[in-house]
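**Student:** Right, I'll just put the structure down here and ask away after.
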Amino acid sequence: MKRHTSSYSIVLRLRYPDRPGMLGHLASAIGEANGLIGDIKDLGVRQGDITREIVVSACDAEHCERIVKRVQGVPDVTVLETADRTFLVHDGGKIEVRLKTPVKTQDDLSMVYTPGVARVCRAIHADPASSFALTIRRNTVAVVSDGSAVLGLGNIGPVAAMPVMEGKCMLFKGFAGVDAFPICLDTQNVDEIVRTCEYLAPTFGGINLEDISSPRCVDIEEQLIEKLEIPVFHDDQHGTAVVVLAALRNALKVAGKDLAAVRVAICGAGAAGAAIARLLLSVGCRQIVVCDRAGAISRDRSVGGNRVKRWIAENTNPENVTGALADAVRGADVFIGVSGPDLLKVEDVRRMAKDPVVFALANPDPEIDPDAVLPYVRVVATGRSDYPNQINNVLCFPGLFRGMLDVRARRVTESMKIAAAEAIAAAISEDQLRPDSIVPSVFDDRVAPAVAKAVAEAAVNAGVAVGAVGAVG
């Protein structure tokens, strides 16, 4: 299951005699340790010794250590330094603030700061809405987290969550030109998080909630939507749902099936599973069964005080299917996993309907090995970048917020999510659709502008757009 990945790659700085065959010996040693050589950079020759940097990809941290030890055992080779490339790119953080206008003269200073800035302050005081034209609000999003549900790491807290939030901000800027800033809060109290976001709202044009555990994330989002006049979007819920819908539309075309007629089994009854179910229901998919650790959620099963699971029980599973995940999957056309590793078995997939679609989206390890299930499915997708059909939220959220900021949308509607999904799906033309090509690449630069345009139009049609605030510089 483990593959070489750049997230576990090292830079080896080596010195050894500059004679024929030495690089070959090194390459053989790295290959014997199952390392994958990337770039090789010559740093110079001195007194008959050459210094080189060699980039090597591995499968995990332990594998990196084995590679280093194997290289250290090569005669006449000195390992001067080893560096983890992933830690290197995080050194000092991954984002920074830059000036849009220079401050080099007294005239510059008098306009950007006192006394000239006072005129702009008075204008905003007289018309608070002008802050969207005269400050960073028109292009700025807060990425807010409490660190309670970070990737596959769980509740690691706000400080440890910062690298993820910085990465999110990079994607906002890199894919849609949105200035985003990480806000990691040292509280996991719903009321305190809501109140803090209220305090922060005057600075931002939108709020992206991130990596907050369920069901608290639902409470926080709903309260903020009611309280604020800027859009609030929990990406782990709705971004996932949007990209799943986009991918499913195309996967069902490949499989020759209709969304309104298929049976869908969802593994994972947290916020993402519920959001996927809700969005699928809104576009006409009716046969949906959602499972948690205890199995299928039905009207007859107690879910305690969990409001997310209560909604699932009341709105899905019309045939009242009971039992384990294997029972819910039997005869289903579609499996969507947003849960954990190794929960779906090959024999379960073989009991699905003909030409099934399997989305095993748990990260970093999916619900089932994609390679093992490939012979038995029509389409398989994962959340990983090292397999085809990566279901990645970056296809959604940068363009979604770009569109909302451009028309100053007050909130996100279901029609805007559906429009985003349709724009993503449309990036793959009919003649490009294949079992291994149902979603565009995350680096397809057509996607974010298409999503932004579709979302902006949907916001205007839904009556939640205040109006364009001018071109963003």
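Numbering starts fresh at 1 for the residues of each chain in the structure tokens, the chains themselves are lettered A, B, ... in the order given, and ligands are numbered from 1 as they appear.
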So that each row is one residue of stretch 196-273 of chain A with an atom at most 7 Å from stretch 282-291 of chain A, can you give its shortest atom pair and the distance in Å to one decimal, using only C-alpha atoms, rows by chain and rising number, as JSON lines?

**Tutor:**
{"residue": "A:Leu259", "atom": "CA", "partner": "A:Cys285", "partner_atom": "CA", "distance": 5.8}
{"residue": "A:Ala260", "atom": "CA", "partner": "A:Cys285", "partner_atom": "CA", "distance": 4.6}
{"residue": "A:Val262", "atom": "CA", "partner": "A:Gln287", "partner_atom": "CA", "distance": 6.7}
{"residue": "A:Arg263", "atom": "CA", "partner": "A:Gln287", "partner_atom": "CA", "distance": 4.8}
{"residue": "A:Val264", "atom": "CA", "partner": "A:Ile288", "partner_atom": "CA", "distance": 4.8}
{"residue": "A:Ala265", "atom": "CA", "partner": "A:Val289", "partner_atom": "CA", "distance": 4.9}
{"residue": "A:Ile266", "atom": "CA", "partner": "A:Val290", "partner_atom": "CA", "distance": 4.6}
{"residue": "A:Cys267", "atom": "CA", "partner": "A:Cys291", "partner_atom": "CA", "distance": 4.9}
{"residue": "A:Gly268", "atom": "CA", "partner": "A:Cys291", "partner_atom": "CA", "distance": 5.8}
{"residue": "A:Ala269", "atom": "CA", "partner": "A:Cys291", "partner_atom": "CA", "distance": 6.1}

**Student:** Please produce a file of those selected residues containing C-alpha atoms, as an mmCIF file, in the first residue's frame.

**Tutor:**
data_model
loop_
_atom_site.group_PDB
_atom_site.id
_atom_site.type_symbol
_atom_site.label_atom_id
_atom_site.label_comp_id
_atom_site.auth_asym_id
_atom_site.auth_seq_id
_atom_site.Cartn_x
_atom_site.Cartn_y
_atom_site.Cartn_z
ATOM 1 C CA LEU A 259 -27.942 9.783 -10.177
ATOM 2 C CA ALA A 260 -31.646 9.653 -9.373
ATOM 3 C CA VAL A 262 -28.531 4.736 -7.893
ATOM 4 C CA ARG A 263 -28.164 3.405 -4.366
ATOM 5 C CA VAL A 264 -25.413 5.099 -2.358
ATOM 6 C CA ALA A 265 -23.695 3.813 0.778
ATOM 7 C CA ILE A 266 -21.751 6.432 2.753
ATOM 8 C CA CYS A 267 -19.225 5.302 5.354
ATOM 9 C CA GLY A 268 -18.737 8.081 7.876
ATOM 10 C CA ALA A 269 -21.496 9.861 9.761
#

**Student:** Env of A:Val308: 10 Å cut, atoms = only C-alpha atoms, seq-sep filter 2 positions within chain, self excluded. Answer as a list in words.

**Tutor:**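 Near neighbours after the sequence-gap exclusion: Ser214, Pro215, Arg216, Val218, Asp219, Ala269, Gly270, Ala271, Gly273, Ala274, Ala275, Val303, Gly305, Asn306, Arg310, Trp311, Ile312 and Ala313 of chain A.
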
**Student:** Mind writing the picked residues with C-alpha atoms as a tab-separated table (two decimals), in the first residue's frame?

**Tutor:**
chain	number	residue	atom	x	y	z
A	214	SER	CA	-18.22	17.17	14.53
A	215	PRO	CA	-20.88	17.92	15.61
A	216	ARG	CA	-19.49	21.20	17.05
A	218	VAL	CA	-22.15	22.25	12.52
A	219	ASP	CA	-23.26	24.33	15.51
A	269	ALA	CA	-21.50	9.86	9.76
A	270	GLY	CA	-19.63	12.97	10.75
A	271	ALA	CA	-20.01	16.42	9.28
A	273	GLY	CA	-20.78	12.37	5.51
A	274	ALA	CA	-23.88	14.34	6.43
A	275	ALA	CA	-22.98	17.21	4.07
A	303	VAL	CA	-28.23	8.05	17.94
A	305	GLY	CA	-27.85	13.52	21.35
A	306	ASN	CA	-25.74	13.71	18.21
A	310	ARG	CA	-30.22	12.55	14.11
A	311	TRP	CA	-30.56	14.51	10.86
A	312	ILE	CA	-29.15	11.52	8.96
A	313	ALA	CA	-31.67	9.18	10.60

**Student:** Identify which of the residues A:Gly205, A:Gly92, A:Pro388, A:Gly31 lies closest to A:Val68, counting only C-alpha atoms when measuring atom-to-atom distances.

**Tutor:** A:Gly31

**Student:** Which is closest to A:Asn389 among A:Asp211, A:Asp191, A:Asp146, A:Asp436, if we use only C-alpha atoms?

**Tutor:**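 Between A:Asp211, A:Asp191, A:Asp146, A:Asp436, the residue approaching A:Asn389 most closely is A:Asp436.
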
**Student:** May I ask for the distance between atom CA of A:Ala246 and atom CA of A:Val439, given in Å to one decimal place?

**Tutor:** 7.4 Å

**Student:** Choose the residue, out of A:Val460, A:Arg299, A:Ile212, A:Pro115, that has the smallest atom-to-atom separation from A:Gly154; count only C-alpha atoms.

**Tutor:** A:Ile212

**Student:** Name the residues of stretch 113-342 of chain A that come out as strand (DSSP E or B) in a backbone DSSP run; write them as number ranges by chain.

**Tutor:** A: 140-145, 150, 154, 179-184, 206-209, 232-234, 263-267, 287-292, 295-296, 334-337

**Student:** Take the residues from that selection and write them out as a PDB file, in the first residue's frame, keeping C-alpha atoms.

**Tutor:**
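Saved file part_22.pdb follows:
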ATOM      1  CA  THR A 140      -9.380  38.460   2.515  1.00  0.00           C
ATOM      2  CA  VAL A 141     -10.589  35.258   4.154  1.00  0.00           C
ATOM      3  CA  ALA A 142      -9.963  34.030   7.694  1.00  0.00           C
ATOM      4  CA  VAL A 143      -9.074  30.338   7.929  1.00  0.00           C
ATOM      5  CA  VAL A 144     -10.300  29.525  11.438  1.00  0.00           C
ATOM      6  CA  SER A 145      -9.552  26.338  13.359  1.00  0.00           C
ATOM      7  CA  VAL A 150      -6.766  18.023  11.928  1.00  0.00           C
ATOM      8  CA  GLY A 154      -7.216  14.198  15.396  1.00  0.00           C
ATOM      9  CA  ASP A 179      -5.487  36.604   0.571  1.00  0.00           C
ATOM     10  CA  ALA A 180      -6.172  34.205   3.429  1.00  0.00           C
ATOM     11  CA  PHE A 181      -4.818  34.272   6.957  1.00  0.00           C
ATOM     12  CA  PRO A 182      -4.606  31.417   9.497  1.00  0.00           C
ATOM     13  CA  ILE A 183      -6.457  31.987  12.762  1.00  0.00           C
ATOM     14  CA  CYS A 184      -5.908  29.140  15.249  1.00  0.00           C
ATOM     15  CA  GLY A 206     -15.360  35.611   4.471  1.00  0.00           C
ATOM     16  CA  ILE A 207     -14.614  32.884   7.002  1.00  0.00           C
ATOM     17  CA  ASN A 208     -13.446  29.379   6.149  1.00  0.00           C
ATOM     18  CA  LEU A 209     -13.872  27.038   9.110  1.00  0.00           C
ATOM     19  CA  VAL A 232     -19.103  31.297   6.388  1.00  0.00           C
ATOM     20  CA  PHE A 233     -18.086  27.978   4.870  1.00  0.00           C
ATOM     21  CA  HIS A 234     -16.873  24.826   6.628  1.00  0.00           C
ATOM     22  CA  ARG A 263     -28.164   3.405  -4.366  1.00  0.00           C
ATOM     23  CA  VAL A 264     -25.413   5.099  -2.358  1.00  0.00           C
ATOM     24  CA  ALA A 265     -23.695   3.813   0.778  1.00  0.00           C
ATOM     25  CA  ILE A 266     -21.751   6.432   2.753  1.00  0.00           C
ATOM     26  CA  CYS A 267     -19.225   5.302   5.354  1.00  0.00           C
ATOM     27  CA  GLN A 287     -31.450   5.964  -1.999  1.00  0.00           C
ATOM     28  CA  ILE A 288     -28.747   6.893   0.526  1.00  0.00           C
ATOM     29  CA  VAL A 289     -27.645   4.860   3.548  1.00  0.00           C
ATOM     30  CA  VAL A 290     -25.097   6.370   5.941  1.00  0.00           C
ATOM     31  CA  CYS A 291     -23.041   4.168   8.276  1.00  0.00           C
ATOM     32  CA  ASP A 292     -21.030   4.893  11.382  1.00  0.00           C
ATOM     33  CA  GLY A 295     -23.459   0.258  11.181  1.00  0.00           C
ATOM     34  CA  ALA A 296     -26.337   1.673   9.166  1.00  0.00           C
ATOM     35  CA  VAL A 334     -21.883   3.751  -5.110  1.00  0.00           C
ATOM     36  CA  PHE A 335     -19.664   3.636  -2.027  1.00  0.00           C
ATOM     37  CA  ILE A 336     -18.409   6.914  -0.561  1.00  0.00           C
ATOM     38  CA  GLY A 337     -15.976   6.656   2.339  1.00  0.00           C
TER      39      GLY A 337
END

**Student:** Taking into account only C-alpha atoms, which residue in the set A:Asp431, A:Asp84, A:Asp49, A:Asp365 is nearest to A:Glu65?

**Tutor:**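 When distances to A:Glu65 are compared using only C-alpha atoms, the smallest one comes from A:Asp84.
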
**Student:** Near A:Arg137, counting only C-alpha atoms, which residues have an atom at most 7 Å away, once you skip same-chain residues fewer than 6 positions from it, shown as a list in words?

**Tutor:**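 With the cut-off at 7 Å, the set is Ser131, Thr203, Phe204 and Gly205 of chain A.
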
**Student:** Which polymer residues have any atom within 9 Å of an atom of A:Leu80, counting only C-alpha atoms, with same-chain residues fewer than 2 positions away left out, as a PyMOL selection string?

**Tutor:** chain A and resi 12-15+78+82

**Student:** Pull C-alpha atoms from the residues just selected and write them as a compact mmCIF listing (two decimals), in the first residue's frame.

**Tutor:**
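Okay, out-v8.txt is ready:
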# COMPACT_ATOMS: atom_id res chain seq x y z
CA LEU A 12 21.57 14.09 1.20
CA ARG A 13 24.67 16.29 1.05
CA LEU A 14 27.55 13.93 0.32
CA ARG A 15 31.30 14.19 -0.24
CA THR A 78 30.90 11.03 3.86
CA THR A 82 20.66 15.25 5.75

**Student:** Which residue is closest to A:Pro370? Choose from A:Lys417, A:Arg293, A:Arg384, A:Arg434 and count only C-alpha atoms.

**Tutor:**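 Under the stated criterion, the closest residue is A:Arg384.
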
**Student:** Just the alpha helix (DSSP H) stuff from stretch 268-459 of chain A, please, per backbone DSSP, written as a PDB file with C-alpha atoms, in the first residue's frame.

**Tutor:**
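Result saved to result_16.pdb:
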ATOM      1  CA  ALA A 271     -20.012  16.420   9.283  1.00  0.00           C
ATOM      2  CA  ALA A 272     -18.587  15.465   5.881  1.00  0.00           C
ATOM      3  CA  GLY A 273     -20.783  12.370   5.507  1.00  0.00           C
ATOM      4  CA  ALA A 274     -23.884  14.340   6.432  1.00  0.00           C
ATOM      5  CA  ALA A 275     -22.975  17.206   4.069  1.00  0.00           C
ATOM      6  CA  ILE A 276     -22.467  14.771   1.190  1.00  0.00           C
ATOM      7  CA  ALA A 277     -25.826  13.155   1.913  1.00  0.00           C
ATOM      8  CA  ARG A 278     -27.524  16.554   2.093  1.00  0.00           C
ATOM      9  CA  LEU A 279     -26.074  17.752  -1.207  1.00  0.00           C
ATOM     10  CA  LEU A 280     -26.883  14.482  -2.984  1.00  0.00           C
ATOM     11  CA  LEU A 281     -30.470  14.694  -1.728  1.00  0.00           C
ATOM     12  CA  SER A 282     -30.728  18.247  -3.055  1.00  0.00           C
ATOM     13  CA  ARG A 307     -27.680  16.163  16.074  1.00  0.00           C
ATOM     14  CA  VAL A 308     -25.767  15.298  12.887  1.00  0.00           C
ATOM     15  CA  LYS A 309     -26.671  11.622  13.153  1.00  0.00           C
ATOM     16  CA  ARG A 310     -30.221  12.550  14.107  1.00  0.00           C
ATOM     17  CA  TRP A 311     -30.561  14.506  10.861  1.00  0.00           C
ATOM     18  CA  ILE A 312     -29.155  11.519   8.961  1.00  0.00           C
ATOM     19  CA  ALA A 313     -31.673   9.176  10.604  1.00  0.00           C
ATOM     20  CA  GLU A 314     -34.562  11.480   9.741  1.00  0.00           C
ATOM     21  CA  ASN A 315     -33.598  12.247   6.130  1.00  0.00           C
ATOM     22  CA  LEU A 325     -21.418  -1.575   6.604  1.00  0.00           C
ATOM     23  CA  ALA A 326     -21.302  -4.789   4.556  1.00  0.00           C
ATOM     24  CA  ASP A 327     -25.115  -4.931   4.683  1.00  0.00           C
ATOM     25  CA  ALA A 328     -25.454  -1.309   3.548  1.00  0.00           C
ATOM     26  CA  VAL A 329     -23.007  -1.838   0.680  1.00  0.00           C
ATOM     27  CA  VAL A 346     -12.963  -6.675  -1.359  1.00  0.00           C
ATOM     28  CA  GLU A 347     -15.743  -9.215  -0.787  1.00  0.00           C
ATOM     29  CA  ASP A 348     -18.060  -6.310   0.144  1.00  0.00           C
ATOM     30  CA  VAL A 349     -17.304  -4.601  -3.164  1.00  0.00           C
ATOM     31  CA  ARG A 350     -17.930  -7.827  -5.080  1.00  0.00           C
ATOM     32  CA  PRO A 370      -7.525   1.056  -4.581  1.00  0.00           C
ATOM     33  CA  ASP A 371      -5.255  -1.412  -6.347  1.00  0.00           C
ATOM     34  CA  ALA A 372      -6.977  -4.393  -4.717  1.00  0.00           C
ATOM     35  CA  VAL A 373     -10.467  -3.220  -5.655  1.00  0.00           C
ATOM     36  CA  PHE A 397     -12.823  26.338  -2.071  1.00  0.00           C
ATOM     37  CA  PRO A 398     -10.453  28.789  -3.832  1.00  0.00           C
ATOM     38  CA  GLY A 399     -12.843  29.396  -6.716  1.00  0.00           C
ATOM     39  CA  LEU A 400     -15.877  29.349  -4.440  1.00  0.00           C
ATOM     40  CA  PHE A 401     -14.525  32.146  -2.251  1.00  0.00           C
ATOM     41  CA  ARG A 402     -13.189  34.030  -5.286  1.00  0.00           C
ATOM     42  CA  GLY A 403     -16.703  34.100  -6.709  1.00  0.00           C
ATOM     43  CA  MET A 404     -18.283  35.085  -3.404  1.00  0.00           C
ATOM     44  CA  LEU A 405     -15.799  37.883  -2.782  1.00  0.00           C
ATOM     45  CA  ASP A 406     -16.223  39.224  -6.319  1.00  0.00           C
ATOM     46  CA  GLU A 414     -27.166  25.121  -1.897  1.00  0.00           C
ATOM     47  CA  SER A 415     -27.503  26.501  -5.421  1.00  0.00           C
ATOM     48  CA  MET A 416     -23.993  27.971  -5.180  1.00  0.00           C
ATOM     49  CA  LYS A 417     -22.570  24.610  -4.065  1.00  0.00           C
ATOM     50  CA  ILE A 418     -24.332  22.819  -6.911  1.00  0.00           C
ATOM     51  CA  ALA A 419     -23.065  25.435  -9.378  1.00  0.00           C
ATOM     52  CA  ALA A 420     -19.518  24.875  -8.117  1.00  0.00           C
ATOM     53  CA  ALA A 421     -19.886  21.110  -8.519  1.00  0.00           C
ATOM     54  CA  GLU A 422     -21.215  21.484 -12.057  1.00  0.00           C
ATOM     55  CA  ALA A 423     -18.331  23.774 -13.001  1.00  0.00           C
ATOM     56  CA  ILE A 424     -15.782  21.276 -11.669  1.00  0.00           C
ATOM     57  CA  ALA A 425     -17.460  18.374 -13.463  1.00  0.00           C
ATOM     58  CA  ALA A 426     -17.624  20.336 -16.717  1.00  0.00           C
ATOM     59  CA  VAL A 447     -11.058  25.249 -12.660  1.00  0.00           C
ATOM     60  CA  ALA A 448     -10.917  28.098 -10.128  1.00  0.00           C
ATOM     61  CA  PRO A 449     -12.062  30.789 -12.610  1.00  0.00           C
ATOM     62  CA  ALA A 450     -14.889  28.535 -13.828  1.00  0.00           C
ATOM     63  CA  VAL A 451     -16.014  27.818 -10.268  1.00  0.00           C
ATOM     64  CA  ALA A 452     -15.774  31.515  -9.370  1.00  0.00           C
ATOM     65  CA  LYS A 453     -17.908  32.545 -12.329  1.00  0.00           C
ATOM     66  CA  ALA A 454     -20.547  29.867 -11.644  1.00  0.00           C
ATOM     67  CA  VAL A 455     -20.706  30.691  -7.937  1.00  0.00           C
ATOM     68  CA  ALA A 456     -20.926  34.440  -8.533  1.00  0.00           C
ATOM     69  CA  GLU A 457     -23.820  33.967 -10.968  1.00  0.00           C
ATOM     70  CA  ALA A 458     -25.587  31.598  -8.568  1.00  0.00           C
ATOM     71  CA  ALA A 459     -25.159  34.089  -5.713  1.00  0.00           C
TER      72      ALA A 459
END

**Student:** Need to verify the contact set: A:Leu228, 12 Å, only C-alpha atoms, exclusion of same-chain residues closer than 4 positions in sequence. Can you return it as a list in words?

**Tutor:**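 The contact residues come out as Val194, Arg195, Thr196, Cys197, Glu198, Tyr199, Leu200, Ala201, Pro202, Phe204, Gly205, Gly206, Ile207, Ile220, Glu221, Glu222, Gln223, Leu224, Val232, Phe233, Ala409, Arg410, Arg411 and Val412 of chain A.
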
**Student:** Could you turn the residues from that selection into a file that holds N, CA and C atoms, as a PDB file, in the first residue's frame?

**Tutor:**
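The result, written out as out-v5.pdb:
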ATOM      1  N   VAL A 194     -17.557  31.062  18.308  1.00  0.00           N
ATOM      2  CA  VAL A 194     -18.522  31.900  17.598  1.00  0.00           C
ATOM      3  C   VAL A 194     -18.294  33.372  17.924  1.00  0.00           C
ATOM      4  N   ARG A 195     -18.124  33.663  19.213  1.00  0.00           N
ATOM      5  CA  ARG A 195     -17.942  35.057  19.615  1.00  0.00           C
ATOM      6  C   ARG A 195     -16.644  35.624  19.032  1.00  0.00           C
ATOM      7  N   THR A 196     -15.584  34.825  19.020  1.00  0.00           N
ATOM      8  CA  THR A 196     -14.309  35.277  18.468  1.00  0.00           C
ATOM      9  C   THR A 196     -14.447  35.592  16.983  1.00  0.00           C
ATOM     10  N   CYS A 197     -15.141  34.744  16.256  1.00  0.00           N
ATOM     11  CA  CYS A 197     -15.356  35.005  14.827  1.00  0.00           C
ATOM     12  C   CYS A 197     -16.174  36.270  14.615  1.00  0.00           C
ATOM     13  N   GLU A 198     -17.117  36.521  15.501  1.00  0.00           N
ATOM     14  CA  GLU A 198     -17.874  37.775  15.425  1.00  0.00           C
ATOM     15  C   GLU A 198     -16.944  38.971  15.604  1.00  0.00           C
ATOM     16  N   TYR A 199     -16.014  38.855  16.566  1.00  0.00           N
ATOM     17  CA  TYR A 199     -15.059  39.942  16.793  1.00  0.00           C
ATOM     18  C   TYR A 199     -14.151  40.155  15.581  1.00  0.00           C
ATOM     19  N   LEU A 200     -13.809  39.070  14.893  1.00  0.00           N
ATOM     20  CA  LEU A 200     -12.885  39.139  13.760  1.00  0.00           C
ATOM     21  C   LEU A 200     -13.550  39.596  12.462  1.00  0.00           C
ATOM     22  N   ALA A 201     -14.852  39.449  12.370  1.00  0.00           N
ATOM     23  CA  ALA A 201     -15.565  39.645  11.102  1.00  0.00           C
ATOM     24  C   ALA A 201     -15.302  40.986  10.430  1.00  0.00           C
ATOM     25  N   PRO A 202     -15.140  42.109  11.155  1.00  0.00           N
ATOM     26  CA  PRO A 202     -14.905  43.382  10.463  1.00  0.00           C
ATOM     27  C   PRO A 202     -13.628  43.427   9.631  1.00  0.00           C
ATOM     28  N   PHE A 204     -12.489  40.768   7.714  1.00  0.00           N
ATOM     29  CA  PHE A 204     -12.467  39.785   6.646  1.00  0.00           C
ATOM     30  C   PHE A 204     -13.710  39.853   5.763  1.00  0.00           C
ATOM     31  N   GLY A 205     -13.545  39.351   4.519  1.00  0.00           N
ATOM     32  CA  GLY A 205     -14.674  39.251   3.594  1.00  0.00           C
ATOM     33  C   GLY A 205     -15.357  37.902   3.642  1.00  0.00           C
ATOM     34  N   GLY A 206     -14.770  36.937   4.339  1.00  0.00           N
ATOM     35  CA  GLY A 206     -15.360  35.611   4.471  1.00  0.00           C
ATOM     36  C   GLY A 206     -14.609  34.813   5.517  1.00  0.00           C
ATOM     37  N   ILE A 207     -15.237  33.755   6.004  1.00  0.00           N
ATOM     38  CA  ILE A 207     -14.614  32.884   7.002  1.00  0.00           C
ATOM     39  C   ILE A 207     -14.688  31.450   6.510  1.00  0.00           C
ATOM     40  N   ILE A 220     -21.252  25.642  15.145  1.00  0.00           N
ATOM     41  CA  ILE A 220     -20.502  26.877  14.937  1.00  0.00           C
ATOM     42  C   ILE A 220     -20.879  27.518  13.605  1.00  0.00           C
ATOM     43  N   GLU A 221     -20.892  26.716  12.554  1.00  0.00           N
ATOM     44  CA  GLU A 221     -21.218  27.257  11.242  1.00  0.00           C
ATOM     45  C   GLU A 221     -22.630  27.834  11.214  1.00  0.00           C
ATOM     46  N   GLU A 222     -23.588  27.104  11.721  1.00  0.00           N
ATOM     47  CA  GLU A 222     -24.974  27.576  11.675  1.00  0.00           C
ATOM     48  C   GLU A 222     -25.146  28.877  12.451  1.00  0.00           C
ATOM     49  N   GLN A 223     -24.522  28.977  13.615  1.00  0.00           N
ATOM     50  CA  GLN A 223     -24.641  30.211  14.399  1.00  0.00           C
ATOM     51  C   GLN A 223     -23.998  31.388  13.676  1.00  0.00           C
ATOM     52  N   LEU A 224     -22.830  31.161  13.077  1.00  0.00           N
ATOM     53  CA  LEU A 224     -22.145  32.255  12.384  1.00  0.00           C
ATOM     54  C   LEU A 224     -22.895  32.696  11.137  1.00  0.00           C
ATOM     55  N   VAL A 232     -19.803  32.235   5.503  1.00  0.00           N
ATOM     56  CA  VAL A 232     -19.103  31.297   6.388  1.00  0.00           C
ATOM     57  C   VAL A 232     -19.234  29.916   5.753  1.00  0.00           C
ATOM     58  N   PHE A 233     -18.117  29.233   5.618  1.00  0.00           N
ATOM     59  CA  PHE A 233     -18.086  27.978   4.870  1.00  0.00           C
ATOM     60  C   PHE A 233     -17.164  27.011   5.590  1.00  0.00           C
ATOM     61  N   ALA A 409     -20.934  38.232  -1.734  1.00  0.00           N
ATOM     62  CA  ALA A 409     -22.024  37.373  -1.272  1.00  0.00           C
ATOM     63  C   ALA A 409     -22.087  37.375   0.247  1.00  0.00           C
ATOM     64  N   ARG A 410     -23.298  37.389   0.773  1.00  0.00           N
ATOM     65  CA  ARG A 410     -23.478  37.404   2.230  1.00  0.00           C
ATOM     66  C   ARG A 410     -23.435  36.007   2.828  1.00  0.00           C
ATOM     67  N   ARG A 411     -23.755  34.993   2.024  1.00  0.00           N
ATOM     68  CA  ARG A 411     -23.778  33.627   2.533  1.00  0.00           C
ATOM     69  C   ARG A 411     -23.660  32.632   1.392  1.00  0.00           C
ATOM     70  N   VAL A 412     -23.490  31.372   1.748  1.00  0.00           N
ATOM     71  CA  VAL A 412     -23.393  30.290   0.767  1.00  0.00           C
ATOM     72  C   VAL A 412     -24.741  29.579   0.701  1.00  0.00           C
TER      73      VAL A 412
END

**Student:** Could you check how far atom CA of A:Asp76 sits from atom CA of A:Glu32, in Å to one decimal?

**Tutor:**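 Calculated distance between atom CA of A:Asp76 and atom CA of A:Glu32 is 17.9 Å.
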
**Student:** Using only C-alpha atoms, which protein or nucleic acid residues come within 9 Å of stretch 53-61 of chain A? Drop anything in the same chain fewer than 3 positions from it, and give the result as a ChimeraX atom specification.

**Tutor:** /A:2-14,30,34-43,64-67,85

**Student:** What is the atom CA of A:Asp300 to atom CA of A:Val321 distance in Å?

**Tutor:**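 Atom CA of A:Val321 lies at a distance of 9.7 Å from atom CA of A:Asp300.
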
**Student:** Which residues are near A:Lys69? Cut-off 10 Å, only C-alpha atoms, ignore same chain within fewer than 5 positions. Put them as a ChimeraX atom specification.

**Tutor:** /A:29-30,33,63-64,74,79
